[in-house]
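Novice: So I've got this file, coords.txt, and it contains compact mmCIF, C-alpha atoms:
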# COMPACT_ATOMS: atom_id res chain seq x y z
CA MET N 697 199.97 92.68 -116.01
CA LYS N 698 197.99 94.80 -118.49
CA VAL N 699 195.97 97.54 -116.76
CA LEU N 700 193.26 99.92 -117.98
CA VAL N 701 192.49 103.05 -115.93
CA ILE N 702 189.20 104.88 -116.50
CA GLY N 703 189.16 108.66 -116.02
CA SER N 704 190.88 111.87 -117.01
CA GLY N 705 191.78 113.83 -113.87
CA ALA N 706 194.78 114.39 -111.64
CA ARG N 707 193.68 111.41 -109.54
CA GLU N 708 193.89 109.16 -112.60
CA HIS N 709 197.25 110.70 -113.56
CA ALA N 710 198.52 109.90 -110.05
CA LEU N 711 197.23 106.33 -110.37
CA CYS N 712 198.78 105.92 -113.83
CA ARG N 713 202.09 107.37 -112.67
CA CYS N 714 202.19 104.96 -109.73
CA LEU N 715 201.21 102.00 -111.91
CA SER N 716 203.78 102.94 -114.56
CA LEU N 717 206.50 102.55 -111.93
CA ASP N 718 205.24 99.09 -110.92
CA PRO N 719 207.49 96.35 -112.39
CA ASP N 720 204.51 94.00 -112.64
CA VAL N 721 202.67 96.32 -115.06
CA THR N 722 203.62 95.39 -118.63
CA ALA N 723 201.13 97.61 -120.46
CA LEU N 724 199.19 100.64 -119.22
CA HIS N 725 196.11 102.11 -120.90
CA CYS N 726 193.81 104.97 -119.91
CA ALA N 727 190.43 106.12 -121.22
CA PRO N 728 189.89 108.92 -121.98
CA GLY N 729 192.98 110.33 -120.19
CA ASN N 730 194.57 113.75 -120.61
CA ALA N 731 197.72 115.39 -121.95
CA GLY N 732 199.83 114.36 -118.95
CA ILE N 733 198.58 110.79 -118.73
CA ALA N 734 199.55 110.35 -122.39
CA GLU N 735 203.20 110.45 -121.27
CA VAL N 736 202.86 107.21 -119.25
CA ALA N 737 199.86 105.38 -120.77
CA GLN N 738 198.25 104.73 -124.14
CA LEU N 739 195.05 106.78 -124.41
CA HIS N 740 191.71 105.63 -125.81
CA ARG N 741 188.89 108.03 -126.68
CA ILE N 742 185.74 106.50 -125.23
CA ASP N 743 182.88 107.69 -123.04
CA ALA N 744 183.87 106.80 -119.46
CA LEU N 745 180.16 106.56 -118.53
CA ASP N 746 179.43 103.91 -121.17
CA GLY N 747 179.84 100.58 -119.41
CA GLU N 748 179.49 98.50 -122.56
CA ALA N 749 182.16 100.56 -124.34
CA VAL N 750 184.55 100.26 -121.39
CA ALA N 751 183.98 96.49 -121.16
CA ALA N 752 184.51 96.11 -124.92
CA LEU N 753 187.74 98.12 -124.79
CA ALA N 754 189.03 96.09 -121.85
CA THR N 755 188.25 92.88 -123.72
CA ASP N 756 189.89 94.07 -126.95
CA LEU N 757 193.04 95.14 -125.10
CA GLY N 758 193.22 91.88 -123.15
CA VAL N 759 193.74 93.70 -119.86
CA GLU N 760 193.91 91.81 -116.59
CA LEU N 761 192.69 94.67 -114.39
CA VAL N 762 190.41 97.68 -114.88
CA VAL N 763 190.63 100.57 -112.38
CA VAL N 764 187.63 102.91 -112.41
CA GLY N 765 188.78 106.27 -111.10
CA PRO N 766 185.89 108.80 -110.95
CA GLU N 767 182.61 108.55 -109.08
CA ALA N 768 180.26 109.16 -112.03
CA PRO N 769 181.20 105.97 -113.94
CA LEU N 770 180.90 103.95 -110.73
CA VAL N 771 177.43 105.29 -109.99
CA ALA N 772 176.55 104.63 -113.65
CA GLY N 773 177.46 100.94 -113.23
CA VAL N 774 180.63 100.78 -115.32
CA ALA N 775 182.31 98.39 -112.87
CA ASP N 776 179.35 95.99 -113.19
CA ALA N 777 179.66 95.95 -116.99
CA VAL N 778 183.35 95.06 -116.76
CA ARG N 779 182.72 92.30 -114.21
CA GLU N 780 180.07 90.80 -116.48
CA VAL N 781 182.71 90.10 -119.14
CA GLY N 782 184.92 88.36 -116.58
CA ILE N 783 187.64 90.97 -116.11
CA PRO N 784 188.73 91.89 -112.55
CA VAL N 785 187.80 95.49 -111.76
CA PHE N 786 188.82 97.78 -108.93
CA GLY N 787 185.70 99.74 -108.04
CA PRO N 788 182.35 99.07 -106.38
CA SER N 789 179.15 97.99 -108.07
CA GLN N 790 176.48 100.52 -108.98
CA GLU N 791 174.46 99.58 -105.90
CA ALA N 792 177.44 99.79 -103.55
CA ALA N 793 178.56 103.11 -105.08
CA GLN N 794 175.42 104.66 -103.62
CA LEU N 795 177.56 105.21 -100.53
CA GLU N 796 178.75 108.24 -102.49
CA GLY N 797 175.89 108.61 -104.95
CA SER N 798 173.36 109.30 -102.20
CA LYS N 799 174.21 110.96 -98.90
CA ALA N 800 170.84 109.83 -97.52
CA PHE N 801 171.75 106.20 -98.34
CA ALA N 802 175.15 106.64 -96.67
CA LYS N 803 173.48 108.02 -93.53
CA ASP N 804 171.17 104.98 -93.43
CA VAL N 805 174.14 102.60 -93.72
CA MET N 806 176.02 104.45 -90.98
CA ALA N 807 173.02 104.30 -88.67
CA ALA N 808 172.65 100.56 -89.20
CA ALA N 809 176.38 99.98 -88.70
CA GLY N 810 176.66 102.18 -85.61
CA VAL N 811 179.17 104.49 -87.31
CA PRO N 812 179.60 107.86 -85.56
CA THR N 813 178.42 110.74 -87.75
CA ALA N 814 176.62 114.07 -87.55
CA ARG N 815 172.92 114.13 -86.73
CA SER N 816 170.97 114.91 -89.88
CA TYR N 817 167.64 115.30 -91.64
CA VAL N 818 166.79 114.36 -95.22
CA CYS N 819 164.62 117.12 -96.70
CA THR N 820 162.56 117.36 -99.89
CA THR N 821 160.25 120.31 -99.12
CA VAL N 822 160.77 123.95 -98.16
CA GLN N 823 159.06 123.35 -94.82
CA GLU N 824 161.34 120.41 -94.01
CA VAL N 825 164.40 122.48 -94.90
CA GLU N 826 163.33 125.39 -92.70
CA GLU N 827 162.58 123.09 -89.75
CA ALA N 828 165.94 121.32 -90.07
CA LEU N 829 167.91 124.56 -90.32
CA ASP N 830 166.08 125.90 -87.29
CA ALA N 831 166.74 122.70 -85.32
CA PHE N 832 170.52 122.80 -85.83
CA GLY N 833 171.17 126.53 -86.04
CA ALA N 834 174.28 128.14 -87.50
CA PRO N 835 176.71 127.25 -88.94
CA TYR N 836 174.36 125.59 -91.43
CA VAL N 837 175.49 122.47 -93.33
CA VAL N 838 173.44 121.75 -96.46
CA LYS N 839 174.41 118.87 -98.77
CA ASP N 840 173.02 117.96 -102.16
CA ASP N 841 171.95 114.32 -101.84
CA GLY N 842 173.43 113.34 -105.21
CA LEU N 843 176.78 113.64 -106.95
CA ALA N 844 178.06 117.21 -107.21
CA ALA N 845 181.78 116.81 -108.03
CA GLY N 846 182.79 117.80 -104.51
CA LYS N 847 180.94 121.13 -104.73
CA GLY N 848 177.45 120.19 -103.51
CA VAL N 849 178.04 121.19 -99.89
CA VAL N 850 177.42 124.62 -98.42
CA VAL N 851 178.63 125.48 -94.93
CA THR N 852 177.53 128.98 -93.96
CA THR N 853 176.27 131.21 -91.18
CA ASP N 854 173.96 132.92 -93.70
CA LEU N 855 170.48 131.44 -93.33
CA GLU N 856 169.30 132.75 -96.70
CA ALA N 857 172.35 131.26 -98.47
CA ALA N 858 171.61 127.90 -96.83
CA LYS N 859 167.97 128.05 -97.98
CA ALA N 860 169.00 129.07 -101.49
CA HIS N 861 171.35 126.08 -101.85
CA ALA N 862 168.63 123.74 -100.61
CA ALA N 863 166.19 125.21 -103.14
CA ASP N 864 168.62 124.36 -105.95
CA CYS N 865 168.66 120.67 -104.97
CA GLU N 866 165.97 118.06 -105.47
CA ARG N 867 166.77 116.45 -102.12
CA VAL N 868 169.19 117.62 -99.44
CA VAL N 869 170.76 116.34 -96.26
CA ILE N 870 170.93 119.00 -93.55
CA GLU N 871 173.12 118.15 -90.61
CA GLU N 872 174.75 119.53 -87.51
CA PHE N 873 178.04 121.34 -87.91
CA LEU N 874 181.07 119.32 -86.83
CA ASP N 875 183.91 121.23 -85.18
CA GLY N 876 187.58 120.31 -85.39
CA PRO N 877 190.07 119.57 -88.19
CA GLU N 878 189.11 117.33 -91.10
CA VAL N 879 190.95 114.20 -92.18
CA SER N 880 190.67 112.00 -95.26
CA LEU N 881 191.35 108.29 -94.83
CA PHE N 882 191.27 105.85 -97.75
CA ALA N 883 190.88 102.11 -97.41
CA VAL N 884 191.23 99.38 -100.02
CA THR N 885 188.70 96.58 -99.50
CA ASP N 886 187.57 93.41 -101.22
CA GLY N 887 184.24 93.39 -99.40
CA GLU N 888 185.56 91.63 -96.31
CA THR N 889 189.16 92.60 -95.55
CA VAL N 890 189.79 96.33 -95.12
CA LEU N 891 193.28 97.71 -95.68
CA PRO N 892 193.61 101.36 -94.57
CA LEU N 893 196.07 103.68 -96.29
CA GLN N 894 197.80 106.70 -94.74
CA PRO N 895 195.66 109.70 -93.71
CA ALA N 896 195.77 113.04 -95.50
CA GLN N 897 194.18 116.46 -95.14
CA ASP N 898 192.77 118.42 -98.06
CA PHE N 899 191.70 122.04 -98.48
CA LYS N 900 188.21 122.54 -99.92
CA ARG N 901 187.88 126.33 -99.88
CA ALA N 902 189.11 128.29 -102.88
CA LEU N 903 191.08 130.95 -101.03
CA ASP N 904 193.81 131.18 -98.39
CA GLY N 905 192.68 130.94 -94.80
CA ASP N 906 189.80 128.64 -95.80
CA GLU N 907 187.89 131.54 -97.29
CA GLY N 908 185.79 131.58 -100.45
CA PRO N 909 183.49 128.98 -102.00
CA ASN N 910 183.76 125.22 -101.73
CA THR N 911 185.76 123.52 -104.48
CA GLY N 912 186.72 120.00 -105.43
CA GLY N 913 189.95 120.53 -103.47
CA MET N 914 192.80 123.04 -103.77
CA GLY N 915 195.60 121.01 -102.20
CA ALA N 916 196.50 118.31 -99.70
CA TYR N 917 199.29 116.91 -97.55
CA SER N 918 200.36 113.73 -95.79
CA PRO N 919 201.29 112.61 -93.15
CA LEU N 920 199.46 114.46 -90.38
CA PRO N 921 202.03 115.15 -87.66
CA TRP N 922 199.35 116.50 -85.34
CA ALA N 923 197.05 113.46 -85.52
CA ASP N 924 196.74 110.79 -82.83
CA PRO N 925 199.02 107.85 -83.77
CA LYS N 926 196.06 105.53 -83.11
CA LEU N 927 193.71 107.41 -85.46
CA VAL N 928 193.91 104.91 -88.33
CA GLU N 929 193.35 101.97 -85.99
CA GLU N 930 190.35 103.71 -84.42
CA VAL N 931 188.76 104.60 -87.75
CA LEU N 932 189.28 101.07 -89.06
CA ARG N 933 187.53 99.68 -85.98
CA THR N 934 184.66 102.17 -85.65
CA VAL N 935 184.03 103.33 -89.23
CA LEU N 936 185.58 101.38 -92.10
CA GLN N 937 185.15 97.75 -91.05
CA PRO N 938 181.58 98.23 -89.71
CA THR N 939 180.56 99.94 -92.95
CA VAL N 940 182.02 97.20 -95.15
CA ASP N 941 180.38 94.56 -92.95
CA GLU N 942 177.01 96.31 -93.17
CA MET N 943 177.20 96.59 -96.95
CA ARG N 944 177.94 92.86 -97.18
CA ARG N 945 175.05 92.10 -94.80
CA ARG N 946 172.72 94.02 -97.12
CA GLY N 947 173.73 91.87 -100.07
CA THR N 948 175.56 94.74 -101.78
CA PRO N 949 179.20 94.09 -100.86
CA PHE N 950 181.55 97.04 -101.35
CA SER N 951 184.88 96.35 -103.01
CA GLY N 952 187.31 98.97 -104.22
CA LEU N 953 188.29 102.19 -102.49
CA LEU N 954 186.25 103.38 -99.51
CA TYR N 955 187.03 107.00 -98.64
CA ALA N 956 186.02 108.34 -95.24
CA GLY N 957 185.92 112.10 -94.81
CA LEU N 958 186.27 112.64 -91.07
CA ALA N 959 186.01 115.43 -88.52
CA ILE N 960 188.12 115.13 -85.38
CA THR N 961 185.63 116.81 -83.07
CA SER N 962 185.61 117.62 -79.37
CA ARG N 963 183.38 114.52 -78.98
CA GLY N 964 185.60 112.21 -81.01
CA VAL N 965 185.85 111.09 -84.64
CA ARG N 966 182.74 111.68 -86.77
CA VAL N 967 182.15 110.79 -90.43
CA ILE N 968 181.39 113.76 -92.68
CA GLU N 969 180.92 111.72 -95.86
CA PHE N 970 181.85 108.58 -97.72
CA ASN N 971 183.25 108.45 -101.24
CA ALA N 972 183.42 105.32 -103.36
CA ARG N 973 186.78 106.10 -105.02
CA PHE N 974 190.17 107.70 -104.47
CA GLY N 975 189.80 111.35 -103.51
CA ASP N 976 191.33 114.21 -105.45
CA PRO N 977 193.72 115.84 -104.41
CA GLU N 978 194.47 113.49 -101.49
CA THR N 979 195.35 110.60 -103.83
CA GLN N 980 198.29 112.59 -105.13
CA VAL N 981 199.98 112.82 -101.72
CA VAL N 982 199.01 109.37 -100.44
CA LEU N 983 200.34 107.55 -103.51
CA ALA N 984 203.49 109.69 -103.45
CA ARG N 985 204.33 108.02 -100.11
CA LEU N 986 203.34 104.43 -101.01
CA LYS N 987 206.33 102.10 -101.46
CA THR N 988 204.39 98.85 -102.02
CA PRO N 989 203.75 98.27 -105.76
CA LEU N 990 200.17 99.40 -106.42
CA ALA N 991 198.93 96.98 -109.09
CA GLY N 992 199.05 93.92 -106.86
CA VAL N 993 197.08 95.69 -104.12
CA LEU N 994 194.31 96.75 -106.50
CA LEU N 995 194.18 93.31 -108.15
CA ALA N 996 193.90 91.59 -104.75
CA ALA N 997 190.94 93.81 -103.89
CA ALA N 998 189.31 92.99 -107.24
CA LYS N 999 189.84 89.25 -106.75
CA GLY N 1000 188.94 89.05 -103.06
CA THR N 1001 192.41 88.10 -101.82
CA LEU N 1002 193.43 91.14 -99.77
CA ALA N 1003 193.83 89.01 -96.65
CA ASP N 1004 196.81 87.29 -98.31
CA LEU N 1005 198.79 90.52 -98.79
CA GLU N 1006 201.70 91.60 -96.64
CA ALA N 1007 201.42 94.90 -94.77
CA LEU N 1008 201.78 97.98 -96.95
CA ARG N 1009 205.12 99.78 -96.91
CA TRP N 1010 205.28 103.58 -96.67
CA SER N 1011 207.94 106.23 -97.11
CA ASP N 1012 208.75 108.38 -94.09
CA ASP N 1013 208.83 111.40 -96.41
CA ALA N 1014 206.09 114.01 -96.43
CA ALA N 1015 204.12 114.97 -99.54
CA VAL N 1016 202.31 118.17 -100.47
CA THR N 1017 200.07 118.86 -103.47
CA VAL N 1018 199.08 122.33 -104.67
CA VAL N 1019 196.28 122.66 -107.23
CA VAL N 1020 196.62 125.22 -110.01
CA ALA N 1021 193.11 126.21 -111.09
CA SER N 1022 191.81 128.17 -114.04
CA HIS N 1023 190.42 131.69 -114.07
CA ASN N 1024 187.01 131.92 -112.29
CA TYR N 1025 187.16 128.43 -110.71
CA PRO N 1026 184.96 127.07 -109.06
CA GLY N 1027 182.60 129.05 -111.30
CA THR N 1028 182.52 128.46 -115.04
CA PRO N 1029 186.22 128.08 -115.87
CA ARG N 1030 188.00 129.75 -118.74
CA THR N 1031 189.64 127.14 -120.96
CA GLY N 1032 192.01 127.04 -123.91
CA ASP N 1033 194.81 129.03 -122.24
CA PRO N 1034 198.36 127.79 -123.00
CA ILE N 1035 200.32 126.25 -120.12
CA THR N 1036 204.04 126.92 -119.94
CA GLY N 1037 206.85 125.79 -117.64
CA LEU N 1038 206.03 122.07 -117.58
CA ASP N 1039 209.34 121.10 -119.18
CA GLU N 1040 211.14 123.39 -116.74
CA VAL N 1041 209.60 121.61 -113.76
CA ALA N 1042 210.54 118.23 -115.23
CA ALA N 1043 214.12 119.38 -115.84
CA GLN N 1044 214.79 121.24 -112.59
CA ASP N 1045 212.51 119.81 -109.90
CA ALA N 1046 212.23 116.07 -110.62
CA PRO N 1047 212.18 113.62 -108.97
CA PHE N 1048 211.15 115.50 -105.84
CA ALA N 1049 208.43 117.55 -107.54
CA TYR N 1050 206.28 116.75 -110.55
CA VAL N 1051 203.10 117.87 -112.29
CA LEU N 1052 199.93 115.79 -112.51
CA HIS N 1053 197.43 116.88 -115.15
CA ALA N 1054 193.69 117.27 -114.57
CA GLY N 1055 191.92 119.72 -116.89
CA THR N 1056 194.36 119.74 -119.82
CA ARG N 1057 194.43 118.80 -123.47
CA SER N 1058 196.97 118.83 -126.29
CA GLU N 1059 196.38 121.40 -128.99
CA GLY N 1060 198.72 122.04 -131.88
CA GLY N 1061 201.72 120.63 -130.05
CA ALA N 1062 201.01 122.70 -126.91
CA VAL N 1063 199.25 121.85 -123.65
CA VAL N 1064 196.24 124.07 -122.88
CA SER N 1065 193.74 124.30 -120.05
CA ALA N 1066 190.54 122.30 -120.42
CA GLY N 1067 188.82 122.49 -117.03
CA GLY N 1068 188.57 124.12 -113.63
CA ARG N 1069 191.32 122.36 -111.74
CA VAL N 1070 194.06 122.27 -114.35
CA LEU N 1071 197.15 120.83 -112.65
CA SER N 1072 198.29 119.34 -109.35
CA VAL N 1073 201.90 120.03 -108.41
CA THR N 1074 203.09 117.32 -106.02
CA ALA N 1075 206.35 117.32 -104.08
CA THR N 1076 207.99 115.17 -101.44
CA GLY N 1077 210.52 116.04 -98.76
CA ALA N 1078 211.99 114.93 -95.47
CA ASP N 1079 209.25 116.91 -93.72
CA LEU N 1080 206.25 119.04 -94.65
CA ALA N 1081 208.29 122.24 -94.70
CA GLU N 1082 210.68 120.85 -97.32
CA ALA N 1083 207.84 119.33 -99.36
CA ARG N 1084 206.03 122.71 -99.32
CA ARG N 1085 209.11 124.57 -100.50
CA ARG N 1086 209.61 122.16 -103.38
CA ALA N 1087 205.94 122.23 -104.37
CA TYR N 1088 205.66 126.01 -104.43
CA ARG N 1089 208.99 126.41 -106.23
CA ALA N 1090 207.60 124.18 -108.99
CA VAL N 1091 204.28 126.05 -109.01
CA GLY N 1092 206.26 129.24 -109.57
CA ARG N 1093 207.67 127.87 -112.83
CA ILE N 1094 204.22 127.27 -114.35
CA GLY N 1095 202.56 129.89 -116.49
CA LEU N 1096 198.77 129.92 -117.02
CA ASP N 1097 197.04 133.22 -117.67
CA GLY N 1098 194.51 134.07 -114.96
CA SER N 1099 195.31 130.98 -112.93
CA GLN N 1100 194.88 130.78 -109.17
CA HIS N 1101 196.24 128.65 -106.35
CA ARG N 1102 196.29 128.73 -102.58
CA THR N 1103 199.56 129.74 -100.93
CA ASP N 1104 198.87 128.17 -97.53
CA ILE N 1105 198.58 124.44 -98.27
CA ALA N 1106 200.05 122.53 -95.27
CA ALA N 1107 201.43 125.77 -93.81
CA LYS N 1108 199.91 125.35 -90.34
CA ALA N 1109 200.83 121.66 -90.17
CA ALA N 1110 204.42 122.45 -91.16
CA GLU N 1111 204.56 125.00 -88.35
CA ALA N 1112 202.90 122.62 -85.86
CA ALA N 1113 199.99 125.05 -85.60
CA VAL N 1114 197.08 122.69 -86.32
Any chance you could put this one into C-alpha cells?
Specialist:
Amino acid sequence: MKVLVIGSGAREHALCRCLSLDPDVTALHCAPGNAGIAEVAQLHRIDALDGEAVAALATDLGVELVVVGPEAPLVAGVADAVREVGIPVFGPSQEAAQLEGSKAFAKDVMAAAGVPTARSYVCTTVQEVEEALDAFGAPYVVKDDGLAAGKGVVVTTDLEAAKAHAADCERVVIEEFLDGPEVSLFAVTDGETVLPLQPAQDFKRALDGDEGPNTGGMGAYSPLPWADPKLVEEVLRTVLQPTVDEMRRRGTPFSGLLYAGLAITSRGVRVIEFNARFGDPETQVVLARLKTPLAGVLLAAAKGTLADLEALRWSDDAAVTVVVASHNYPGTPRTGDPITGLDEVAAQDAPFAYVLHAGTRSEGGAVVSAGGRVLSVTATGADLAEARRRAYRAVGRIGLDGSQHRTDIAAKAAEAAV
C-alpha cells in the first residue's frame, strides 16, 4: 500500500514511524514533513492547506491512502479535495471537522447527542462575557471558539486575565470549571463503527507542577494505572458513539480520528473538548503501544469497513513522551539553533527510546530548530517508572541552546499519586 501523510509535526512523525514499520506499506510519502520524517518517508514540498495541491500530489504518486494529520488542513477542506479525486482519505470532511474548528458547534452537537459536558455560554460582546464569568465564578475557563493550536484556552482565577483573553477573541465559549484529572481518548471511526484506542494523559502547562501558560502539550503517558478499567467502555457508550451517531443524523458524517478530551470529575466523566485528529503529544505514546499494523486500520476507516476488523492488539508496556521546546515557548520561539545528540540517542537508547521531530529543519547538513515544540522524546518500558527513566536519559543527551522541558511528566502516575 502506498500512503501519503499530510503534516510536519511530531504527531505526523509518530504516524510515519508507525506506518514505516507496517509490512503492508510499500511506499511512504509525507508533505511537507520535517528533518526527522525524512528518515522514514519521501518528502514533498507543498502547502498542506491547499486541497487541490494535495489531491494532485496524491494522484501523481498513485497512493492508495491519504492521512491528514493536523487540524488546519481538515478545517480547510483538504480531505474533501482528496475524496473528490477518488482516493481514500483518513480524516473528516470540512463540515465534520467543525467539531474542532468551532467549540460552539461542538457544544451544540453534544447537547443534541446528550453527551455530558460542562455548562457553557457562547459570548460575542463584552456584556455577555462579563455576565458569563459572573455566573460561573472562579476558576474562569475562557476558550477561543476557533482553532488556536491548543493554546486558545485560559483557565485562571484572575478575572481581569479572563476578560483580556476574551477581548482578544472574536467569539468565545465560557464554561464552568471541571475538577478532577484529565484524560485523552482517541477513537477511529468510519462514521458508524467507533473503535476506541487506549487512553492517555497529557500535560498542557509549560512548567513543572502544572504551572505557567497553556501550551500545545509538554508531554504525555499511557496507560493510566489509576483510571477505572471500565473508562473506555463508558466513554464509548456515553460520548463517542452518540457523537458519531449525531453527526451522521445531521448529514455530516464524521470519519477519521475523533479525540475526546475528558475530565474525570466528582460528578462523573465530562467532555472538555473534541478534536478532529490525533492529538499531540498523546499520539506518540498511544502509537508506541499499538501492536496491530496501523495502515489497515486507517484504510478501513476511510473505506467504511471498520466493523470487519479484528480487535486491536496492544502492548502491556508503558510509554512516556517528553517534549523539548525552544527558548521562550509558548511565546514567540527562537529558531535556527543547532540540535545535537540525536545520533547518540539512536545509538545508545534505541529501540526503547527514540526522538520524534516537530519543529525542525535540515540546514547545511545539520538539524536546527524551526518551531516552538522542537522534539518529542518517546520511551517505552515495563512500567511508567522505567519508561520515564529511559525518556529522561535520552532527553539528557540532546543539546539545544535555551531549550526547556518539564521534568515531571508521568511522575505522579508512576508513584501511584494521581
Novice: Find the distance between CA of Val785 in chain N and CA of Glu888 in chain N and write it in Å to one decimal.
Specialist: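 Those two atoms sit 16.1 Å apart.
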Novice: For range 923-936 of chain N, please output as a list in words all residues within 9 Å (counting only C-alpha atoms; exclusion window: fewer than 4 positions along the same chain).
Specialist: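 The neighbour list is Met806, Ala809, Gly810, Val811, Pro812, Leu881, Ala883, Val890, Leu891, Pro892, Leu893, Gln894, Pro895, Pro919, Val940, Asp941, Leu954, Tyr955, Ala956, Val965, Arg966 and Val967 of chain N.
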Novice: Out of N:Glu978, N:Glu767, N:Asp1079, N:Asp756, which residue has the shortest atom-to-atom distance to Ile783 in chain N when counting only C-alpha atoms?
Specialist: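 Smallest separation from Ile783 in chain N among the options: N:Asp756.
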Novice: Which residue, N:Gly797, N:Gly1068, N:Pro877, N:Pro977, has the smallest gap to Ala916 in chain N when you use all atoms listed in the file?
Specialist: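 For Ala916 in chain N, the nearest of the candidates is N:Pro977.
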Novice: At what distance in Å, to one decimal, does CA of Asn730 in chain N lie from CA of Arg1057 in chain N?
Specialist: 5.8 Å
Novice: By how many Å are CA of Gly876 in chain N and CA of Gly1027 in chain N apart?
Specialist: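 The value is 27.8 Å.
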Novice: Find the residues near Val869 in chain N: any atom within 9 Å, counting all atoms listed in the file, skip ones fewer than 5 places away on the same chain, and give them as a list in words.
Specialist: Lys799, Ala800, Ser816, Tyr817, Val818, Cys819, Val825, Val837, Val838, Lys839, Asp840, Asp841 and Ala862 of chain N
